[in-house]
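Peer 1: Below is run-v5.cif; it holds mmCIF, C-alpha atoms.
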```
data_query
#
loop_
_atom_site.label_atom_id
_atom_site.label_comp_id
_atom_site.auth_asym_id
_atom_site.auth_seq_id
_atom_site.Cartn_x
_atom_site.Cartn_y
_atom_site.Cartn_z
CA MET A 30 20.53 112.10 86.04
CA SER A 31 18.60 113.25 89.10
CA ILE A 32 19.45 116.61 90.67
CA ASP A 33 20.80 116.71 94.21
CA ARG A 34 18.03 118.58 96.06
CA GLY A 35 20.59 119.98 98.45
CA LEU A 36 22.37 121.65 95.53
CA LEU A 37 19.21 122.91 93.82
CA PRO A 38 19.25 126.34 95.57
CA TYR A 39 22.85 126.79 94.46
CA TYR A 40 22.04 125.89 90.86
CA ILE A 41 19.18 128.42 90.89
CA PHE A 42 21.52 131.04 92.33
CA ARG A 43 24.11 130.39 89.60
CA ALA A 44 21.43 130.58 86.91
CA LEU A 45 20.28 133.98 88.22
CA ASP A 46 23.78 135.33 88.82
CA ARG A 47 23.85 136.57 85.25
CA ARG A 48 23.91 140.13 83.93
CA PHE A 49 20.52 140.36 82.23
CA VAL A 50 20.99 144.07 81.48
CA LEU A 51 24.60 143.85 80.31
CA PRO A 52 23.79 143.96 76.56
CA VAL A 53 21.84 147.22 76.98
CA TRP A 54 23.49 149.13 79.80
CA VAL A 55 25.81 151.10 77.47
CA VAL A 56 22.85 151.82 75.18
CA PHE A 57 20.98 153.04 78.26
CA MET A 58 23.84 155.44 79.04
CA ILE A 59 23.82 156.75 75.48
CA ASP A 60 20.05 157.23 75.60
CA ARG A 61 20.49 159.19 78.83
CA GLY A 62 22.88 161.58 77.09
CA LEU A 63 26.24 160.39 78.45
CA SER A 64 29.23 161.16 76.25
CA LEU A 65 31.77 158.52 75.22
CA ASN A 66 34.21 160.06 77.66
CA GLN A 67 31.69 159.72 80.51
CA ILE A 68 30.92 156.12 79.50
CA GLY A 69 34.65 155.44 79.57
CA MET A 70 34.88 156.96 83.05
CA VAL A 71 32.05 154.71 84.30
CA ALA A 72 33.66 151.61 82.79
CA ALA A 73 37.07 152.52 84.19
CA ALA A 74 35.58 153.16 87.64
CA CYS A 75 34.00 149.68 87.54
CA THR A 76 37.36 148.12 86.72
CA VAL A 77 39.12 150.03 89.49
CA ILE A 78 36.52 149.19 92.18
CA THR A 79 36.61 145.53 91.15
CA PHE A 80 40.39 145.43 91.42
CA ILE A 81 40.45 147.22 94.79
CA LEU A 82 37.80 145.02 96.39
CA GLU A 83 38.56 141.66 94.77
CA VAL A 84 41.16 140.50 97.30
CA PRO A 85 39.76 141.94 100.58
CA SER A 86 36.27 140.72 99.67
CA GLY A 87 37.52 137.17 100.29
CA ALA A 88 38.36 138.06 103.89
CA VAL A 89 34.97 139.75 104.30
CA ALA A 90 33.22 136.67 102.94
CA ASP A 91 35.10 134.44 105.36
CA HIS A 92 34.29 136.69 108.33
CA MET A 93 30.55 136.91 107.66
CA GLY A 94 30.10 133.46 106.09
CA HIS A 95 30.04 132.56 102.42
CA ARG A 96 26.29 132.09 102.16
CA ARG A 97 25.66 135.53 103.67
CA ALA A 98 28.31 137.10 101.44
CA LEU A 99 26.71 135.64 98.32
CA ALA A 100 23.26 136.78 99.42
CA LEU A 101 24.56 140.27 100.19
CA GLY A 102 26.32 140.43 96.82
CA MET A 103 23.16 139.44 94.95
CA LEU A 104 21.09 141.90 96.98
CA GLY A 105 23.52 144.71 96.22
CA GLU A 106 23.43 143.94 92.49
CA GLY A 107 19.63 143.95 92.56
CA ILE A 108 19.50 147.33 94.31
CA ALA A 109 22.00 148.69 91.79
CA MET A 110 19.46 148.05 89.01
CA PHE A 111 17.15 150.67 90.53
CA VAL A 112 20.03 153.11 91.14
CA PHE A 113 20.81 152.96 87.42
CA LEU A 114 17.33 154.24 86.69
CA GLY A 115 18.28 157.60 88.22
CA GLY A 116 19.44 158.25 84.66
CA THR A 117 22.06 160.96 85.23
CA PHE A 118 25.82 160.45 85.03
CA TRP A 119 26.22 160.45 88.81
CA TRP A 120 23.31 158.05 89.41
CA ILE A 121 24.65 155.67 86.76
CA LEU A 122 28.16 155.89 88.20
CA ALA A 123 26.82 155.15 91.69
CA GLY A 124 24.82 152.20 90.37
CA ALA A 125 27.84 150.84 88.50
CA LEU A 126 30.07 151.06 91.58
CA LEU A 127 27.43 149.34 93.72
CA TYR A 128 26.87 146.68 91.08
CA TRP A 129 30.49 145.76 90.44
CA GLY A 130 31.50 146.25 94.05
CA SER A 131 28.78 143.85 95.18
CA GLY A 132 29.93 141.40 92.54
CA THR A 133 33.31 141.02 94.23
CA LEU A 134 31.54 139.29 97.12
CA ILE A 135 30.35 136.67 94.63
CA SER A 136 33.43 136.00 92.50
CA GLY A 137 35.55 133.30 94.10
CA THR A 138 33.10 132.82 96.97
CA LYS A 139 30.69 130.90 94.75
CA GLN A 140 33.41 128.30 94.17
CA ALA A 141 34.50 128.22 97.82
CA ILE A 142 31.02 127.50 99.15
CA ILE A 143 30.63 124.45 96.89
CA HIS A 144 34.05 123.17 97.92
CA GLU A 145 32.93 123.37 101.54
CA TYR A 146 29.59 121.72 100.79
CA LEU A 147 31.18 118.73 99.07
CA LEU A 148 34.12 118.43 101.47
CA ALA A 149 31.75 118.35 104.45
CA ARG A 150 30.01 115.35 102.89
CA GLY A 151 33.10 113.52 101.66
CA ARG A 152 32.20 114.22 98.04
CA ASP A 153 34.99 116.62 97.05
CA HIS A 154 35.77 114.35 94.07
CA GLU A 155 32.47 115.55 92.56
CA TYR A 156 33.56 119.19 92.39
CA GLN A 157 34.15 119.35 88.63
CA ARG A 158 30.86 117.61 87.87
CA VAL A 159 28.90 119.95 90.15
CA MET A 160 30.55 123.08 88.77
CA SER A 161 29.95 121.83 85.22
CA THR A 162 26.25 121.40 86.00
CA ALA A 163 26.13 124.85 87.58
CA ARG A 164 27.71 126.34 84.45
CA MET A 165 25.09 124.63 82.29
CA TRP A 166 22.33 126.21 84.36
CA ALA A 167 24.01 129.61 84.13
CA SER A 168 24.74 129.39 80.40
CA GLY A 169 21.23 128.22 79.56
CA LEU A 170 19.51 131.17 81.23
CA SER A 171 22.19 133.57 79.99
CA LEU A 172 21.57 132.63 76.36
CA PHE A 173 17.86 133.24 76.82
CA GLY A 174 18.23 136.34 79.00
CA VAL A 175 20.64 138.33 76.84
CA GLY A 176 18.71 137.24 73.76
CA ILE A 177 15.50 138.95 74.91
CA ALA A 178 17.00 141.80 76.97
CA GLY A 179 17.26 144.09 73.95
CA PHE A 180 13.65 143.55 72.91
CA VAL A 181 12.46 144.15 76.47
CA TYR A 182 14.53 147.35 76.56
CA GLU A 183 12.93 148.61 73.34
CA TYR A 184 9.56 148.13 74.99
CA SER A 185 10.52 149.68 78.32
CA PRO A 186 13.96 150.47 79.81
CA VAL A 187 12.40 150.60 83.27
CA LEU A 188 10.97 147.12 82.80
CA THR A 189 14.39 145.80 81.74
CA PHE A 190 16.20 147.02 84.85
CA SER A 191 13.27 146.07 87.09
CA ALA A 192 13.28 142.53 85.69
CA GLY A 193 17.03 142.36 86.28
CA ALA A 194 16.50 143.41 89.88
CA VAL A 195 13.79 140.78 90.43
CA LEU A 196 16.09 138.05 89.10
CA PHE A 197 18.83 139.10 91.51
CA PHE A 198 16.37 139.19 94.42
CA ILE A 199 15.14 135.67 93.60
CA GLY A 200 18.76 134.58 93.47
CA THR A 201 19.29 136.17 96.89
CA ILE A 202 16.45 134.09 98.34
CA ALA A 203 17.74 130.93 96.65
CA ILE A 204 21.30 131.16 97.99
CA ALA A 205 20.00 132.13 101.43
CA ARG A 206 18.22 128.74 101.52
CA PHE A 207 21.39 126.85 100.61
CA ASP A 208 22.91 124.86 103.48
CA PRO A 209 26.68 124.54 102.92
CA ASN A 210 27.19 122.98 106.37
CA HIS A 211 30.40 124.85 107.22
CA VAL A 212 32.61 122.42 109.12
CA HIS A 213 35.92 122.87 107.34
CA VAL A 214 38.59 125.53 106.97
CA SER A 215 37.44 128.39 104.78
CA VAL A 216 38.76 128.35 101.23
CA ALA A 217 38.21 132.12 101.00
CA LYS A 218 40.39 132.66 104.05
CA GLU A 219 43.18 130.59 102.58
CA GLU A 220 43.00 132.49 99.29
CA GLY A 221 42.27 135.92 100.74
CA PHE A 222 44.40 138.93 101.57
CA ALA A 223 46.43 137.24 104.32
CA ALA A 224 47.41 134.38 102.01
CA LEU A 225 48.26 136.81 99.23
CA MET A 226 50.68 138.70 101.47
CA HIS A 227 52.11 135.45 102.84
CA HIS A 228 52.92 134.13 99.38
CA PHE A 229 53.86 137.41 97.70
CA GLN A 230 57.57 137.00 98.31
CA SER A 231 57.49 133.48 96.90
CA ALA A 232 55.58 134.62 93.81
CA TRP A 233 57.98 137.51 93.24
CA LYS A 234 60.96 135.14 93.43
CA THR A 235 59.26 132.83 90.95
CA ILE A 236 58.79 135.62 88.42
CA ARG A 237 62.34 136.94 88.89
CA ARG A 238 63.73 133.44 88.48
CA GLU A 239 61.51 132.71 85.46
CA PRO A 240 61.29 135.86 83.25
CA THR A 241 59.49 133.92 80.52
CA LEU A 242 56.63 133.42 82.99
CA PHE A 243 56.37 137.16 83.66
CA TRP A 244 56.23 137.98 79.96
CA LEU A 245 53.78 135.14 79.34
CA LEU A 246 51.48 136.60 81.99
CA SER A 247 51.93 140.07 80.48
CA ILE A 248 51.16 138.98 76.91
CA ASP A 249 48.02 137.16 77.95
CA ALA A 250 46.89 140.07 80.15
CA LEU A 251 47.56 142.56 77.34
CA PHE A 252 45.42 140.78 74.73
CA VAL A 253 42.56 139.91 77.09
CA GLY A 254 42.62 143.28 78.84
CA MET A 255 42.42 145.18 75.55
CA GLU A 256 39.56 142.98 74.35
CA TYR A 257 37.62 143.48 77.59
CA GLY A 258 38.23 147.23 77.46
CA SER A 259 36.93 147.48 73.91
CA GLY A 260 34.01 145.26 74.85
CA GLU A 261 32.63 148.06 77.02
CA PHE A 262 32.07 150.05 73.81
CA GLN A 263 30.68 147.28 71.60
CA PRO A 264 27.04 148.38 72.09
CA VAL A 265 28.09 151.87 70.96
CA VAL A 266 29.68 150.38 67.84
CA PHE A 267 26.50 148.44 67.12
CA THR A 268 24.18 151.42 67.57
CA ARG A 269 26.39 153.58 65.33
CA LEU A 270 25.85 150.97 62.60
CA GLY A 271 22.09 151.19 63.05
CA ILE A 272 21.73 147.85 64.82
CA THR A 273 18.69 147.83 67.08
CA VAL A 274 18.87 147.07 70.78
CA GLY A 275 16.96 143.82 70.24
CA ILE A 276 19.52 142.58 67.74
CA ILE A 277 22.34 143.59 70.11
CA GLY A 278 20.87 141.16 72.64
CA ILE A 279 20.86 138.40 70.03
CA TYR A 280 24.49 139.16 69.19
CA ALA A 281 25.36 138.84 72.89
CA ALA A 282 23.63 135.46 72.99
CA ILE A 283 25.59 134.31 69.92
CA LYS A 284 28.84 135.27 71.69
CA ARG A 285 27.90 133.03 74.62
CA LEU A 286 26.92 130.26 72.24
CA LEU A 287 30.36 130.45 70.60
CA SER A 288 32.01 130.14 74.02
CA PHE A 289 29.84 127.11 74.78
CA ILE A 290 30.83 125.44 71.48
CA LEU A 291 34.50 126.44 71.44
CA ALA A 292 35.36 125.36 74.98
CA PRO A 293 35.14 121.56 74.53
CA ILE A 294 36.90 121.81 71.16
CA LEU A 295 39.86 123.62 72.71
CA ALA A 296 39.91 121.17 75.60
CA LYS A 297 40.50 118.39 73.07
CA ILE A 298 42.99 120.03 70.69
CA GLY A 299 44.70 122.35 73.19
CA PRO A 300 47.28 119.80 74.42
CA GLN A 301 48.40 119.25 70.83
CA LEU A 302 49.11 122.96 70.21
CA SER A 303 52.39 124.67 71.00
CA LEU A 304 52.28 127.67 73.30
CA ARG A 305 53.91 129.81 70.61
CA SER A 306 51.15 129.03 68.11
CA VAL A 307 48.46 129.73 70.71
CA LEU A 308 49.91 133.13 71.66
CA LEU A 309 50.43 133.98 68.00
CA SER A 310 46.80 133.10 67.33
CA ASN A 311 45.59 135.42 70.10
CA TYR A 312 47.90 138.15 68.79
CA VAL A 313 46.46 137.85 65.28
CA LEU A 314 42.89 137.66 66.57
CA THR A 315 43.37 140.75 68.76
CA VAL A 316 44.87 142.85 65.96
CA ALA A 317 42.23 141.62 63.50
CA TYR A 318 39.48 142.51 65.97
CA PHE A 319 40.60 146.13 66.44
CA PHE A 320 41.14 146.66 62.72
CA GLY A 321 37.80 144.98 62.05
CA VAL A 322 35.97 147.38 64.35
CA ALA A 323 37.78 150.24 62.61
CA PHE A 324 36.87 149.27 59.04
CA VAL A 325 33.85 146.92 59.00
CA THR A 326 30.53 148.72 58.61
CA HIS A 327 28.30 145.81 57.57
CA ARG A 328 25.78 144.86 60.26
CA ILE A 329 26.32 141.12 59.84
CA LEU A 330 30.07 141.14 59.29
CA ILE A 331 30.61 143.16 62.49
CA LEU A 332 29.24 140.16 64.42
CA PHE A 333 32.08 137.99 63.08
CA VAL A 334 34.54 140.69 64.12
CA VAL A 335 33.17 140.65 67.66
CA LEU A 336 33.39 136.85 67.74
CA LEU A 337 37.15 137.22 67.23
CA ALA A 338 37.33 138.82 70.69
CA THR A 339 35.21 136.04 72.18
CA SER A 340 37.67 133.50 70.77
CA VAL A 341 40.55 135.29 72.53
CA TYR A 342 38.73 135.05 75.88
CA VAL A 343 38.09 131.32 75.52
CA ILE A 344 41.60 130.48 74.27
CA SER A 345 43.11 132.40 77.19
CA ASP A 346 40.81 130.79 79.74
CA ILE A 347 41.43 127.21 78.63
CA VAL A 348 44.76 126.85 76.81
CA VAL A 349 46.93 129.74 78.00
CA SER A 350 45.85 129.40 81.63
CA ASP A 351 46.78 125.72 81.54
CA ALA A 352 50.29 126.59 80.30
CA VAL A 353 50.64 129.29 82.95
CA ASN A 354 49.59 126.98 85.77
CA LYS A 355 52.09 124.35 84.73
CA ARG A 356 54.91 126.87 85.12
CA ILE A 357 53.90 128.12 88.57
CA PRO A 358 55.10 126.30 91.72
CA SER A 359 52.12 125.20 93.79
CA GLY A 360 53.19 127.24 96.80
CA SER A 361 52.82 130.57 94.99
CA ARG A 362 50.12 129.76 92.46
CA ALA A 363 47.30 131.98 93.75
CA THR A 364 49.56 134.98 94.27
CA THR A 365 51.27 134.69 90.88
CA LEU A 366 47.93 134.43 89.11
CA SER A 367 46.68 137.47 91.03
CA LEU A 368 49.56 139.45 89.54
CA ARG A 369 48.37 138.43 86.09
CA ASN A 370 44.85 139.65 86.97
CA LEU A 371 46.36 142.92 88.15
CA GLU A 372 47.99 143.39 84.75
CA GLU A 373 44.74 142.57 82.97
CA HIS A 374 42.84 145.19 85.00
CA VAL A 375 45.53 147.76 84.20
CA PHE A 376 45.41 147.08 80.45
CA LYS A 377 41.61 147.06 80.44
CA THR A 378 41.46 150.38 82.29
CA LEU A 379 44.00 151.95 79.95
CA CYS A 380 42.03 150.71 76.94
CA VAL A 381 38.73 152.03 78.27
CA LEU A 382 40.17 155.42 79.15
CA SER A 383 41.93 155.65 75.79
CA LEU A 384 38.80 154.83 73.81
CA GLY A 385 36.76 157.26 75.88
CA TRP A 386 39.31 160.04 75.45
CA LEU A 387 40.01 159.41 71.77
CA GLY A 388 36.28 159.08 71.12
CA SER A 389 35.74 162.62 72.39
CA PHE A 390 37.45 164.10 69.30
CA LEU A 391 37.69 161.15 66.89
CA THR A 392 35.18 158.57 65.74
CA LEU A 393 35.09 155.32 67.69
CA ALA A 394 36.30 153.52 64.56
CA GLN A 395 39.35 155.78 64.37
CA ALA A 396 40.02 155.22 68.07
CA HIS A 397 40.00 151.45 67.51
CA LEU A 398 42.35 151.87 64.57
CA ILE A 399 44.87 153.65 66.79
CA LEU A 400 44.64 150.94 69.46
CA GLY A 401 44.89 148.32 66.73
CA LEU A 402 48.20 149.83 65.65
CA ILE A 403 49.37 149.80 69.27
CA ALA A 404 48.38 146.12 69.55
CA LEU A 405 50.11 145.35 66.26
CA ILE A 406 53.40 147.01 67.16
CA GLY A 407 53.44 146.73 70.96
CA GLY A 408 51.94 143.25 71.14
CA GLY A 409 54.24 142.04 68.38
CA ALA A 410 57.31 143.41 70.16
CA VAL A 411 56.37 141.80 73.48
CA LEU A 412 55.56 138.50 71.77
CA PHE A 413 58.91 138.57 69.92
CA TYR A 414 60.78 139.28 73.16
CA TRP A 415 58.99 136.46 75.00
CA ASN A 416 59.80 134.08 72.16
CA SER A 417 63.52 134.97 72.35
CA LEU A 418 63.47 134.28 76.10
CA GLU A 419 61.67 131.01 75.46
CA VAL A 420 64.34 129.94 72.97
CA GLN A 421 67.07 130.71 75.51
CA ARG A 422 65.12 128.80 78.17
CA SER A 423 64.99 125.69 75.98
CA LEU A 424 68.75 125.68 75.31
#
```
I need this file expressed as structure tokens, please.
Peer 2:
Amino acid sequence: MSIDRGLLPYYIFRALDRRFVLPVWVVFMIDRGLSLNQIGMVAAACTVITFILEVPSGAVADHMGHRRALALGMLGEGIAMFVFLGGTFWWILAGALLYWGSGTLISGTKQAIIHEYLLARGRDHEYQRVMSTARMWASGLSLFGVGIAGFVYEYSPVLTFSAGAVLFFIGTIAIARFDPNHVHVSVAKEEGFAALMHHFQSAWKTIRREPTLFWLLSIDALFVGMEYGSGEFQPVVFTRLGITVGIIGIYAAIKRLLSFILAPILAKIGPQLSLRSVLLSNYVLTVAYFFGVAFVTHRILILFVVLLATSVYVISDIVVSDAVNKRIPSGSRATTLSLRNLEEHVFKTLCVLSLGWLGSFLTLAQAHLILGLIALIGGGAVLFYWNSLEVQRSL
């Protein structure tokens, strides 16, 4: 199949909108002498800035134009790579805030700009195909990038962050050359802050009227948020087990490969699974992950533990999200889902802060054991309560 030359700059942008340094940035902080508590503070600050800017960034993107917003976001992420190299806690914190803050201009906007491009040409029916192709470009480079990032870091940390910056700058140039031909109403404006406030009352009524939906959103946000929070410390876990930075990059690539393989499988079998079995699976996987991090010390077996968390992400993204969407009235869909994202950010932040704090006087394994017990008891209680509401709903 030939590639639409008009979409080529966008495909290049999506391929370069990947976090080349992500597998090594925690290792970099450790090498620069940051404590676990400080690393937790940086990770929590990233979560907070992302949550604060996520909604208003849509309005900003609409005001300045989606192509400019994407270019500015990529440029900001590229500059952040050099700020990281300051090496102290405050330089790293500043770089992280710039990096994740700039990223909010990209999330959501990269879908909106393609919608506008296709709608302007009467090809909106091709949206799924185009986004699928864009994901293939992104996943292909991501597998390669994270696979070699660790080895590049072992050779030169400065080269790693500099290469990451160059990739973002090339992506900036690519998206700046993309011609979306804006002639239709902005998707970002419709899904931005004004729309959120407009539909908030409707979403709140939906949740009050359907308590099973609220607890479904909460369960999903709890499991995914805890996994994402722990994920910020995975490089620390690896280094404590004597795993080299190069191998950490390979592990990150394997995680992405699992997502690539698992997604189409779930798309096929997902409709045949009950929601109860899916949530129970994520509950078991989450608890097993935290206990695995606490007790597994083998360098190969720890990879399988980490893949448990990756499975939770994919199951949530494909199967659980489908069930959630089916229960949300179309008029309040975006707002209701934003409330779920809010819960996820809260649980992730709490997990990051807890691991950072507990890690200051306990081992990271012991900290994961404590959170594993919380997931076992708290997650089990919430899941049991949701199931009782679901039984009443079906009567």
Peer 1: List every protein, DNA or RNA residue that has at least one atom no more than 12 Å from (37.2, 161.3, 74.7) in the file's coordinates, counting all atoms listed in the file, and write the result as an MDAnalysis selection string.
Peer 2: chainID A and resid 63:70 380:393 395:396
Peer 1: So how many Å separate CA of Asp346 in chain A and CA of Leu295 in chain A, to one decimal?
Peer 2: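 Separation between CA of Asp346 in chain A and CA of Leu295 in chain A: 10.1 Å.
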Peer 1: Run the PyMOL selection byres ((chain A and resi 422) around 12) mentally over the shown coordinates, then write out the matched residues as a list in words, using the chain letters and numbers from the document.
Peer 2: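 With the PyMOL selection byres ((chain A and resi 422) around 12) on this model, the match is Arg238, Glu239, Pro240, Thr241, Leu242, Trp415, Asn416, Ser417, Leu418, Glu419, Val420, Gln421, Ser423 and Leu424 of chain A.
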Peer 1: Near Gly132 in chain A, within 8 Å and counting all atoms listed in the file, which residues show up once chain neighbours fewer than 2 positions away are dropped, as a list in words?
Peer 2: Thr79, Gly102, Met103, Glu106, Tyr128, Trp129, Gly130, Leu134, Ile135 and Ser136 of chain A
Peer 1: Could you give me, as a count of residues only, the residues within 9 Å of range 183-198 of chain A, counting only C-alpha atoms and dropping anything in the same chain fewer than 4 positions from it?
Peer 2: 28
Peer 1: For the point (28.5, 136.5, 76.2) in the file's frame, write as a PyMOL selection string all residues with an atom no more than 9 Å away, counting all atoms listed in the file.
Peer 2: chain A and resi 52+171-172+175+280-288+339
Peer 1: Can you work out the spacing between CA of Ile272 in chain A and CA of Tyr342 in chain A in Å, to one decimal?
Peer 2: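 Pair CA of Ile272 in chain A / CA of Tyr342 in chain A returns 24.0 Å.
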Peer 1: May I ask which of the residues A:Leu51, A:Val322, A:Ala98, A:Val77 is the closest one to Ser259 in chain A, counting all atoms listed in the file?
Peer 2: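 Closest residue, counting all atoms listed in the file: A:Val322.
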Peer 1: Give me, please, the distance in Å between CA of Ala404 in chain A and CA of Val316 in chain A, quoted to one decimal.
Peer 2: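 Taking CA of Ala404 in chain A as the start and CA of Val316 in chain A as the end point, the length is 6.0 Å.
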Peer 1: Closest to Ala317 in chain A among A:Thr268, A:Leu398, A:Leu371, A:Cys75, using only C-alpha atoms?
Peer 2: A:Leu398
Peer 1: For Phe320 in chain A, work out the shell of residues within 10 Å, counting all atoms listed in the file and skipping chain neighbours fewer than 3 positions away, then give it as a PDB file with C-alpha atoms, in the coordinates of the input.
Peer 2:
```pdb
ATOM      1  CA  LEU A 314      42.890 137.660  66.570  1.00  0.00           C
ATOM      2  CA  THR A 315      43.370 140.750  68.760  1.00  0.00           C
ATOM      3  CA  VAL A 316      44.870 142.850  65.960  1.00  0.00           C
ATOM      4  CA  ALA A 317      42.230 141.620  63.500  1.00  0.00           C
ATOM      5  CA  ALA A 323      37.780 150.240  62.610  1.00  0.00           C
ATOM      6  CA  PHE A 324      36.870 149.270  59.040  1.00  0.00           C
ATOM      7  CA  VAL A 325      33.850 146.920  59.000  1.00  0.00           C
ATOM      8  CA  VAL A 334      34.540 140.690  64.120  1.00  0.00           C
ATOM      9  CA  ALA A 394      36.300 153.520  64.560  1.00  0.00           C
ATOM     10  CA  GLN A 395      39.350 155.780  64.370  1.00  0.00           C
ATOM     11  CA  HIS A 397      40.000 151.450  67.510  1.00  0.00           C
ATOM     12  CA  LEU A 398      42.350 151.870  64.570  1.00  0.00           C
ATOM     13  CA  ILE A 399      44.870 153.650  66.790  1.00  0.00           C
ATOM     14  CA  LEU A 400      44.640 150.940  69.460  1.00  0.00           C
ATOM     15  CA  GLY A 401      44.890 148.320  66.730  1.00  0.00           C
ATOM     16  CA  LEU A 402      48.200 149.830  65.650  1.00  0.00           C
ATOM     17  CA  ALA A 404      48.380 146.120  69.550  1.00  0.00           C
ATOM     18  CA  LEU A 405      50.110 145.350  66.260  1.00  0.00           C
TER      19      LEU A 405
END
```
Peer 1: Would you kindly return, as a count of residues only, each protein, DNA or RNA residue with an atom no farther than 9 Å from any atom of Leu36 in chain A, considering all atoms listed in the file and excluding same-chain residues fewer than 5 positions away?
Peer 2: 6
Peer 1: Leaving out Ser247 in chain A and any residue of its chain fewer than 6 positions from it, which residues lie within 12 Å of it when counting only C-alpha atoms, given as a list in words?
Peer 2: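 Here the qualifying residues turn out to be Ile236, Pro240, Thr241, Val253, Gly254, Met255, Leu308, Val349, Val353, Thr365, Leu366, Leu368, Arg369, Asn370, Leu371, Glu372, Glu373, His374, Val375, Phe376, Gly407, Gly408, Val411, Leu412, Tyr414 and Trp415 of chain A.
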Peer 1: With 6 Å of padding per side, what axis-aligned box (centre and edge lengths, Å, one decimal) covers all the listed atoms of range 105-116 of chain A? Give it as AutoDock Vina command-line options.
Peer 2:
```
--center_x 20.3 --center_y 151.1 --center_z 90.4 --size_x 18.4 --size_y 26.3 --size_z 23.6
```
Peer 1: Looking at A:Phe333, A:Phe180, A:Tyr312, A:Trp244, which one is nearest to Ile276 in chain A, with distances taken over all atoms listed in the file?
Peer 2: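 Once distances to Ile276 in chain A are computed over all atoms listed in the file, the minimum belongs to A:Phe180.
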Peer 1: Please determine, counting all atoms listed in the file, which residue among A:Gly299, A:Gly409, A:Gly258, A:Gly278 has the shortest atom-to-atom distance to Thr76 in chain A.
Peer 2: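 Among the listed residues, A:Gly258 lies closest to Thr76 in chain A.
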Peer 1: When distances are computed from only C-alpha atoms, which of A:Val265, A:Leu270, A:Ala205, A:Ala292 shows the smallest separation from Val343 in chain A?
Peer 2: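 Nearest candidate to Val343 in chain A out of A:Val265, A:Leu270, A:Ala205, A:Ala292: A:Ala292.
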